[in-house]
file protein.txt (compact mmCIF, C-alpha atoms)
# COMPACT_ATOMS: atom_id res chain seq x y z
CA MET A 552 -40.54 -44.96 -75.11
CA GLY A 553 -42.49 -42.59 -72.95
CA SER A 554 -42.23 -41.46 -69.40
CA ALA A 555 -44.28 -44.47 -68.30
CA LEU A 556 -41.16 -46.60 -68.68
CA SER A 557 -39.56 -47.26 -65.30
CA ILE A 558 -35.88 -46.65 -64.77
CA GLY A 559 -35.25 -50.31 -63.97
CA ALA A 560 -37.12 -51.49 -67.05
CA GLY A 561 -35.24 -48.99 -69.21
CA PHE A 562 -31.95 -50.38 -68.02
CA GLN A 563 -33.06 -53.97 -68.58
CA ASP A 564 -34.31 -53.14 -72.08
CA HIS A 565 -31.06 -51.31 -72.82
CA GLU A 566 -28.99 -54.37 -71.90
CA HIS A 567 -31.45 -56.76 -73.60
CA TYR A 568 -31.28 -54.91 -76.93
CA ARG A 569 -27.52 -54.59 -76.70
CA SER A 570 -27.04 -58.34 -76.23
CA GLN A 571 -29.65 -59.18 -78.88
CA SER A 572 -27.88 -56.83 -81.28
CA GLN A 573 -24.60 -58.68 -80.72
CA ILE A 574 -26.29 -62.04 -81.29
CA ALA A 575 -27.88 -60.82 -84.54
CA TYR A 576 -24.56 -59.39 -85.72
CA LYS A 577 -22.69 -62.62 -85.02
CA SER A 578 -25.33 -64.62 -86.88
CA GLY A 579 -24.86 -62.40 -89.96
CA ASN A 580 -28.08 -60.39 -89.70
CA GLY A 581 -26.60 -56.90 -89.97
CA ALA A 582 -29.92 -55.09 -90.49
CA LYS A 583 -31.45 -56.60 -87.36
CA ALA A 584 -28.24 -55.93 -85.43
CA LYS A 585 -28.37 -52.26 -86.47
CA GLU A 586 -32.05 -51.95 -85.49
CA LEU A 587 -31.43 -53.50 -82.08
CA SER A 588 -28.31 -51.42 -81.55
CA LEU A 589 -30.26 -48.23 -82.22
CA LYS A 590 -32.94 -49.31 -79.72
CA ALA A 591 -30.23 -50.02 -77.13
CA LYS A 592 -28.76 -46.55 -77.65
CA GLU A 593 -32.21 -44.96 -77.36
CA TYR A 594 -32.86 -46.76 -74.09
CA GLY A 595 -29.38 -45.82 -72.90
CA ARG A 596 -30.09 -42.13 -73.54
CA GLU A 597 -33.38 -42.43 -71.67
CA MET A 598 -31.60 -44.14 -68.78
CA ASP A 599 -29.10 -41.25 -68.65
CA ARG A 600 -31.97 -38.76 -68.66
CA TYR A 601 -33.65 -40.50 -65.73
CA ASN A 602 -30.35 -40.72 -63.85
CA ASN A 603 -29.85 -36.97 -64.34
CA MET A 604 -33.38 -36.28 -63.09
CA ALA A 605 -32.70 -38.40 -59.99
CA ARG A 606 -29.40 -36.57 -59.43
CA ASP A 607 -31.12 -33.20 -59.64
CA MET A 608 -33.91 -34.25 -57.25
CA VAL A 609 -31.45 -35.63 -54.66
CA PHE A 610 -29.32 -32.53 -54.94
CA LYS A 611 -32.23 -30.11 -54.61
CA CYS A 612 -33.64 -31.90 -51.56
CA ARG A 613 -30.29 -31.81 -49.76
CA ASN A 614 -29.12 -28.31 -50.59
CA GLU A 615 -31.54 -25.71 -49.29
CA PRO A 616 -29.05 -23.62 -47.26
CA SER A 617 -26.95 -21.62 -49.68
CA ASN A 618 -23.67 -22.06 -47.79
CA GLU A 619 -23.88 -25.87 -47.76
CA LEU A 620 -23.37 -28.32 -50.58
CA ASP A 621 -24.46 -31.85 -49.64
CA LEU A 622 -23.20 -34.49 -52.05
CA HIS A 623 -24.65 -37.56 -50.31
CA GLY A 624 -26.40 -39.96 -52.66
CA LEU A 625 -24.59 -38.77 -55.77
CA LYS A 626 -22.15 -40.63 -57.99
CA VAL A 627 -18.62 -39.23 -58.19
CA ARG A 628 -19.09 -37.76 -61.67
CA GLU A 629 -22.37 -36.14 -60.62
CA ALA A 630 -20.82 -34.76 -57.43
CA LEU A 631 -17.94 -33.24 -59.40
CA ASP A 632 -20.26 -31.60 -61.94
CA ILE A 633 -22.37 -30.02 -59.20
CA THR A 634 -19.34 -29.02 -57.12
CA ARG A 635 -17.70 -27.35 -60.12
CA GLU A 636 -20.86 -25.29 -60.73
CA ARG A 637 -21.17 -24.37 -57.05
CA LEU A 638 -17.49 -23.39 -56.66
CA THR A 639 -17.71 -21.22 -59.76
CA LYS A 640 -20.65 -19.42 -58.15
CA PHE A 641 -18.76 -19.23 -54.83
CA VAL A 642 -15.77 -17.52 -56.45
CA LYS A 643 -17.84 -15.28 -58.73
CA ASN A 644 -20.05 -14.03 -55.87
CA ARG A 645 -17.10 -13.70 -53.46
CA GLU A 646 -18.94 -15.68 -50.81
CA PRO A 647 -17.43 -15.81 -47.31
CA ASN A 648 -17.56 -19.61 -46.85
CA LEU A 649 -19.04 -22.86 -48.08
CA MET A 650 -19.33 -26.23 -46.41
CA ILE A 651 -19.16 -29.18 -48.80
CA ILE A 652 -20.55 -32.32 -47.22
CA VAL A 653 -18.77 -35.22 -48.89
CA GLY A 654 -19.40 -37.96 -46.35
CA ARG A 655 -16.88 -40.29 -44.80
CA GLY A 656 -17.23 -43.08 -47.34
CA LYS A 657 -19.04 -45.45 -44.99
CA ASN A 658 -21.47 -46.42 -47.76
CA SER A 659 -18.75 -46.87 -50.37
CA ILE A 660 -17.34 -50.24 -51.30
CA ASN A 661 -14.93 -51.37 -48.57
CA GLY A 662 -15.68 -48.11 -46.72
CA VAL A 663 -13.23 -46.18 -48.90
CA ALA A 664 -14.41 -42.66 -49.70
CA LYS A 665 -14.52 -41.82 -53.40
CA ILE A 666 -16.26 -38.44 -53.47
CA LYS A 667 -14.06 -36.75 -50.86
CA PRO A 668 -10.69 -37.22 -52.64
CA ALA A 669 -12.22 -36.34 -56.01
CA VAL A 670 -13.78 -33.14 -54.65
CA THR A 671 -10.56 -32.24 -52.81
CA GLU A 672 -8.66 -32.49 -56.09
CA LEU A 673 -11.28 -30.36 -57.86
CA VAL A 674 -11.17 -27.70 -55.13
CA ASN A 675 -7.41 -27.32 -55.72
CA GLU A 676 -8.15 -26.21 -59.29
CA PHE A 677 -10.05 -23.19 -57.96
CA HIS A 678 -7.16 -21.80 -55.86
CA ILE A 679 -9.34 -21.32 -52.80
CA LYS A 680 -8.70 -22.28 -49.20
CA ALA A 681 -10.04 -25.72 -48.35
CA THR A 682 -9.88 -27.25 -44.89
CA PRO A 683 -10.71 -30.96 -44.89
CA ASN A 684 -12.53 -32.50 -41.92
CA LYS A 685 -14.00 -29.18 -40.76
CA PRO A 686 -16.43 -29.02 -39.00
CA ASN A 687 -16.28 -32.84 -39.06
CA GLN A 688 -14.63 -35.71 -40.92
CA GLY A 689 -17.27 -35.82 -43.67
CA CYS A 690 -16.90 -32.16 -44.70
CA ILE A 691 -14.61 -29.78 -46.52
CA TRP A 692 -14.70 -26.13 -45.38
CA ILE A 693 -14.16 -23.64 -48.19
CA GLU A 694 -13.04 -20.02 -47.80
CA PRO A 695 -11.61 -17.43 -50.18
CA ALA A 696 -7.86 -17.83 -50.49
CA GLY A 697 -7.02 -14.33 -49.31
CA PRO A 698 -3.78 -12.58 -50.26
CA GLU A 699 -1.54 -15.45 -49.18
CA GLY A 700 -3.30 -17.88 -51.53
CA MET A 701 -3.69 -15.57 -54.51
CA ASP A 702 -1.43 -15.58 -57.55
CA LEU A 703 0.09 -12.12 -57.51
CA SER A 704 2.98 -12.84 -59.87
CA TRP A 705 1.46 -10.49 -62.46
CA LEU A 706 2.16 -7.59 -60.07
CA ASP A 707 5.92 -8.01 -60.52
CA ASP A 708 5.63 -7.55 -64.29
CA PHE A 709 3.20 -4.66 -63.89
CA PHE A 710 5.41 -2.69 -61.51
CA ARG A 711 8.55 -3.54 -63.49
CA ASP A 712 6.92 -1.98 -66.60
CA VAL A 713 5.76 1.06 -64.62
CA ALA A 714 9.26 1.53 -63.20
CA LYS A 715 10.84 1.30 -66.67
CA LYS A 716 8.40 3.87 -68.08
CA LEU A 717 8.99 6.17 -65.13
CA TRP A 718 12.76 5.80 -65.53
CA VAL A 719 12.50 6.79 -69.21
CA PHE A 720 10.07 9.61 -68.41
CA LEU A 721 12.51 11.07 -65.88
CA GLY A 722 15.24 10.99 -68.52
CA PHE A 723 17.47 8.31 -67.05
CA GLY A 724 16.75 5.49 -69.48
CA ARG A 725 17.74 6.93 -72.86
call {"tool": "encode", "arguments": {"input": "protein.txt", "output": "structure tokens"}}
result
Amino acid sequence: MGSALSIGAGFQDHEHYRSQSQIAYKSGNGAKAKELSLKAKEYGREMDRYNNMARDMVFKCRNEPSNELDLHGLKVREALDITRERLTKFVKNREPNLMIIVGRGKNSINGVAKIKPAVTELVNEFHIKATPNKPNQGCIWIEPAGPEGMDLSWLDDFFRDVAKKLWVFLGFGR
């Protein structure tokens, strides 16, 4: 299996070997079933590799500006993987904003968006400010959370400990 194999052919071979493996197994030919099963898995891995290459090419073509993340043309799982990487970079680099283009779902089955709700849920894990439908319905506008969105509960414990130590230091807590 080299790179001359087309993606479509790889998928067809994958399914062909899988079904042939099942037929051989049911007819009692375990060795042939195993051989065909291994070929199916090999073609399946190659299909995944080609799908990942296609994902990376689509993503690279659509994402030249650094403050935009265009997820058009990606599957939900692919979009989530890329979004997770980009949001990690966004937070780490303390970027001022990011526009994630998720689309409206017009090309999804029954016109129901799949990427937008999945990305919205993922964004919530990062504790950053996300404004859906800004600048338009197919986007999510991302900004740092700021003080009102940050978890500052650790400050209570910190200052409580400092106050206790100060109280003891001043001689009141013995």
call {"tool": "closest_residue", "arguments": {"input": "protein.txt", "among": "A:Asp564, A:Val627, A:Arg635, A:Gln573", "to": "Glu597 of chain A", "atoms": "only C-alpha atoms"}}
result
A:Asp564
call {"tool": "residues_around", "arguments": {"input": "protein.txt", "residues": "Pro686 of chain A", "least_positions_apart": "4", "cutoff": "10 Å", "atoms": "only C-alpha atoms", "output": "VMD selection string"}}
result
chain A and resid 650 652 682 690 to 692
call {"tool": "atom_distance", "arguments": {"input": "protein.txt", "atom1": "atom CA of Gly689 of chain A", "atom2": "atom CA of Asp607 of chain A"}}
result
21.3 Å
call {"tool": "closest_residue", "arguments": {"input": "protein.txt", "among": "A:Lys643, A:Lys590, A:His623, A:Arg655", "to": "Lys611 of chain A", "atoms": "all atoms listed in the file"}}
result
A:His623
call {"tool": "residues_around", "arguments": {"input": "protein.txt", "residues": "Arg628 of chain A", "least_positions_apart": "2", "cutoff": "12 Å", "atoms": "all atoms listed in the file", "output": "list in words"}}
result
Asn602, Asn603, Arg606, Leu622, Gly624, Leu625, Lys626, Ala630, Leu631, Asp632, Ile633, Thr634, Arg635, Lys665, Ile666, Lys667, Ala669, Val670 and Leu673 of chain A
call {"tool": "closest_residue", "arguments": {"input": "protein.txt", "among": "A:Pro695, A:Gly662, A:Pro683, A:Pro668", "to": "Arg645 of chain A", "atoms": "only C-alpha atoms"}}
result
A:Pro695
call {"tool": "residues_near_point", "arguments": {"input": "protein.txt", "point": "(-14.9, -18.4, -51.7)", "cutoff": "12 Å", "atoms": "all atoms listed in the file", "output": "PyMOL selection string"}}
result
chain A and resi 618+637-651+674+677-681+692-697+700-701
call {"tool": "write_last_selection", "arguments": {"input": "protein.txt", "atoms": "C-alpha atoms", "output": "compact mmCIF listing (two decimals), in the coordinates of the input"}}
result
# COMPACT_ATOMS: atom_id res chain seq x y z
CA ASN A 618 -23.67 -22.06 -47.79
CA ARG A 637 -21.17 -24.37 -57.05
CA LEU A 638 -17.49 -23.39 -56.66
CA THR A 639 -17.71 -21.22 -59.76
CA LYS A 640 -20.65 -19.42 -58.15
CA PHE A 641 -18.76 -19.23 -54.83
CA VAL A 642 -15.77 -17.52 -56.45
CA LYS A 643 -17.84 -15.28 -58.73
CA ASN A 644 -20.05 -14.03 -55.87
CA ARG A 645 -17.10 -13.70 -53.46
CA GLU A 646 -18.94 -15.68 -50.81
CA PRO A 647 -17.43 -15.81 -47.31
CA ASN A 648 -17.56 -19.61 -46.85
CA LEU A 649 -19.04 -22.86 -48.08
CA MET A 650 -19.33 -26.23 -46.41
CA ILE A 651 -19.16 -29.18 -48.80
CA VAL A 674 -11.17 -27.70 -55.13
CA PHE A 677 -10.05 -23.19 -57.96
CA HIS A 678 -7.16 -21.80 -55.86
CA ILE A 679 -9.34 -21.32 -52.80
CA LYS A 680 -8.70 -22.28 -49.20
CA ALA A 681 -10.04 -25.72 -48.35
CA TRP A 692 -14.70 -26.13 -45.38
CA ILE A 693 -14.16 -23.64 -48.19
CA GLU A 694 -13.04 -20.02 -47.80
CA PRO A 695 -11.61 -17.43 -50.18
CA ALA A 696 -7.86 -17.83 -50.49
CA GLY A 697 -7.02 -14.33 -49.31
CA GLY A 700 -3.30 -17.88 -51.53
CA MET A 701 -3.69 -15.57 -54.51
call {"tool": "atom_distance", "arguments": {"input": "protein.txt", "atom1": "atom CA of Asn675 of chain A", "atom2": "atom CA of Glu629 of chain A"}}
result
18.0 Å
call {"tool": "atom_distance", "arguments": {"input": "protein.txt", "atom1": "atom CA of Glu676 of chain A", "atom2": "atom CA of Lys657 of chain A"}}
result
26.3 Å
call {"tool": "build_atoms", "arguments": {"input": "protein.txt", "residues": "segment 659-670 of chain A", "atoms": "all heavy atoms", "output": "PDB file, in the coordinates of the input"}}
result
ATOM      1  N   SER A 659     -19.514 -46.473 -49.190  1.00  0.00           N
ATOM      2  CA  SER A 659     -18.750 -46.870 -50.370  1.00  0.00           C
ATOM      3  C   SER A 659     -18.250 -48.293 -50.219  1.00  0.00           C
ATOM      4  O   SER A 659     -18.177 -48.827 -49.109  1.00  0.00           O
ATOM      5  CB  SER A 659     -17.543 -45.938 -50.564  1.00  0.00           C
ATOM      6  OG  SER A 659     -17.959 -44.638 -50.828  1.00  0.00           O
ATOM      7  N   ILE A 660     -17.875 -48.887 -51.335  1.00  0.00           N
ATOM      8  CA  ILE A 660     -17.340 -50.240 -51.300  1.00  0.00           C
ATOM      9  C   ILE A 660     -16.091 -50.264 -50.430  1.00  0.00           C
ATOM     10  O   ILE A 660     -15.206 -49.417 -50.561  1.00  0.00           O
ATOM     11  CB  ILE A 660     -17.007 -50.731 -52.732  1.00  0.00           C
ATOM     12  CG1 ILE A 660     -18.289 -50.790 -53.560  1.00  0.00           C
ATOM     13  CG2 ILE A 660     -16.317 -52.083 -52.711  1.00  0.00           C
ATOM     14  CD1 ILE A 660     -18.070 -51.064 -55.027  1.00  0.00           C
ATOM     15  N   ASN A 661     -16.040 -51.212 -49.524  1.00  0.00           N
ATOM     16  CA  ASN A 661     -14.930 -51.370 -48.570  1.00  0.00           C
ATOM     17  C   ASN A 661     -14.752 -50.150 -47.664  1.00  0.00           C
ATOM     18  O   ASN A 661     -13.708 -49.971 -47.060  1.00  0.00           O
ATOM     19  CB  ASN A 661     -13.612 -51.676 -49.280  1.00  0.00           C
ATOM     20  CG  ASN A 661     -13.656 -53.000 -50.015  1.00  0.00           C
ATOM     21  OD1 ASN A 661     -14.309 -53.945 -49.568  1.00  0.00           O
ATOM     22  ND2 ASN A 661     -12.994 -53.073 -51.148  1.00  0.00           N
ATOM     23  N   GLY A 662     -15.756 -49.277 -47.593  1.00  0.00           N
ATOM     24  CA  GLY A 662     -15.680 -48.110 -46.720  1.00  0.00           C
ATOM     25  C   GLY A 662     -14.655 -47.083 -47.139  1.00  0.00           C
ATOM     26  O   GLY A 662     -14.233 -46.257 -46.331  1.00  0.00           O
ATOM     27  N   VAL A 663     -14.231 -47.120 -48.396  1.00  0.00           N
ATOM     28  CA  VAL A 663     -13.230 -46.180 -48.900  1.00  0.00           C
ATOM     29  C   VAL A 663     -13.943 -45.046 -49.618  1.00  0.00           C
ATOM     30  O   VAL A 663     -14.661 -45.272 -50.590  1.00  0.00           O
ATOM     31  CB  VAL A 663     -12.244 -46.883 -49.862  1.00  0.00           C
ATOM     32  CG1 VAL A 663     -11.252 -45.893 -50.440  1.00  0.00           C
ATOM     33  CG2 VAL A 663     -11.518 -48.015 -49.146  1.00  0.00           C
ATOM     34  N   ALA A 664     -13.748 -43.834 -49.118  1.00  0.00           N
ATOM     35  CA  ALA A 664     -14.410 -42.660 -49.700  1.00  0.00           C
ATOM     36  C   ALA A 664     -13.931 -42.434 -51.123  1.00  0.00           C
ATOM     37  O   ALA A 664     -12.736 -42.530 -51.415  1.00  0.00           O
ATOM     38  CB  ALA A 664     -14.122 -41.431 -48.851  1.00  0.00           C
ATOM     39  N   LYS A 665     -14.866 -42.119 -52.017  1.00  0.00           N
ATOM     40  CA  LYS A 665     -14.520 -41.820 -53.400  1.00  0.00           C
ATOM     41  C   LYS A 665     -14.798 -40.356 -53.722  1.00  0.00           C
ATOM     42  O   LYS A 665     -14.049 -39.725 -54.453  1.00  0.00           O
ATOM     43  CB  LYS A 665     -15.339 -42.707 -54.342  1.00  0.00           C
ATOM     44  CG  LYS A 665     -14.958 -44.160 -54.273  1.00  0.00           C
ATOM     45  CD  LYS A 665     -15.702 -44.957 -55.321  1.00  0.00           C
ATOM     46  CE  LYS A 665     -15.248 -46.387 -55.300  1.00  0.00           C
ATOM     47  NZ  LYS A 665     -16.170 -47.281 -54.684  1.00  0.00           N
ATOM     48  N   ILE A 666     -15.882 -39.823 -53.165  1.00  0.00           N
ATOM     49  CA  ILE A 666     -16.260 -38.440 -53.470  1.00  0.00           C
ATOM     50  C   ILE A 666     -15.283 -37.461 -52.822  1.00  0.00           C
ATOM     51  O   ILE A 666     -14.854 -36.504 -53.460  1.00  0.00           O
ATOM     52  CB  ILE A 666     -17.716 -38.167 -53.040  1.00  0.00           C
ATOM     53  CG1 ILE A 666     -18.672 -38.945 -53.943  1.00  0.00           C
ATOM     54  CG2 ILE A 666     -18.027 -36.681 -53.076  1.00  0.00           C
ATOM     55  CD1 ILE A 666     -20.129 -38.799 -53.593  1.00  0.00           C
ATOM     56  N   LYS A 667     -14.913 -37.694 -51.579  1.00  0.00           N
ATOM     57  CA  LYS A 667     -14.060 -36.750 -50.860  1.00  0.00           C
ATOM     58  C   LYS A 667     -12.729 -36.491 -51.572  1.00  0.00           C
ATOM     59  O   LYS A 667     -12.369 -35.334 -51.800  1.00  0.00           O
ATOM     60  CB  LYS A 667     -13.826 -37.233 -49.427  1.00  0.00           C
ATOM     61  CG  LYS A 667     -13.076 -36.245 -48.565  1.00  0.00           C
ATOM     62  CD  LYS A 667     -12.987 -36.748 -47.137  1.00  0.00           C
ATOM     63  CE  LYS A 667     -12.323 -35.756 -46.222  1.00  0.00           C
ATOM     64  NZ  LYS A 667     -12.296 -36.253 -44.840  1.00  0.00           N
ATOM     65  N   PRO A 668     -11.967 -37.518 -51.954  1.00  0.00           N
ATOM     66  CA  PRO A 668     -10.690 -37.220 -52.640  1.00  0.00           C
ATOM     67  C   PRO A 668     -10.907 -36.559 -54.001  1.00  0.00           C
ATOM     68  O   PRO A 668     -10.117 -35.693 -54.404  1.00  0.00           O
ATOM     69  CB  PRO A 668     -10.011 -38.579 -52.768  1.00  0.00           C
ATOM     70  CG  PRO A 668     -11.033 -39.601 -52.465  1.00  0.00           C
ATOM     71  CD  PRO A 668     -12.115 -38.942 -51.684  1.00  0.00           C
ATOM     72  N   ALA A 669     -11.962 -36.939 -54.698  1.00  0.00           N
ATOM     73  CA  ALA A 669     -12.220 -36.340 -56.010  1.00  0.00           C
ATOM     74  C   ALA A 669     -12.578 -34.859 -55.866  1.00  0.00           C
ATOM     75  O   ALA A 669     -12.094 -34.012 -56.627  1.00  0.00           O
ATOM     76  CB  ALA A 669     -13.347 -37.092 -56.711  1.00  0.00           C
ATOM     77  N   VAL A 670     -13.405 -34.536 -54.874  1.00  0.00           N
ATOM     78  CA  VAL A 670     -13.780 -33.140 -54.650  1.00  0.00           C
ATOM     79  C   VAL A 670     -12.579 -32.340 -54.153  1.00  0.00           C
ATOM     80  O   VAL A 670     -12.382 -31.194 -54.567  1.00  0.00           O
ATOM     81  CB  VAL A 670     -14.974 -33.041 -53.665  1.00  0.00           C
ATOM     82  CG1 VAL A 670     -15.188 -31.617 -53.194  1.00  0.00           C
ATOM     83  CG2 VAL A 670     -16.239 -33.586 -54.320  1.00  0.00           C
TER      84      VAL A 670
END
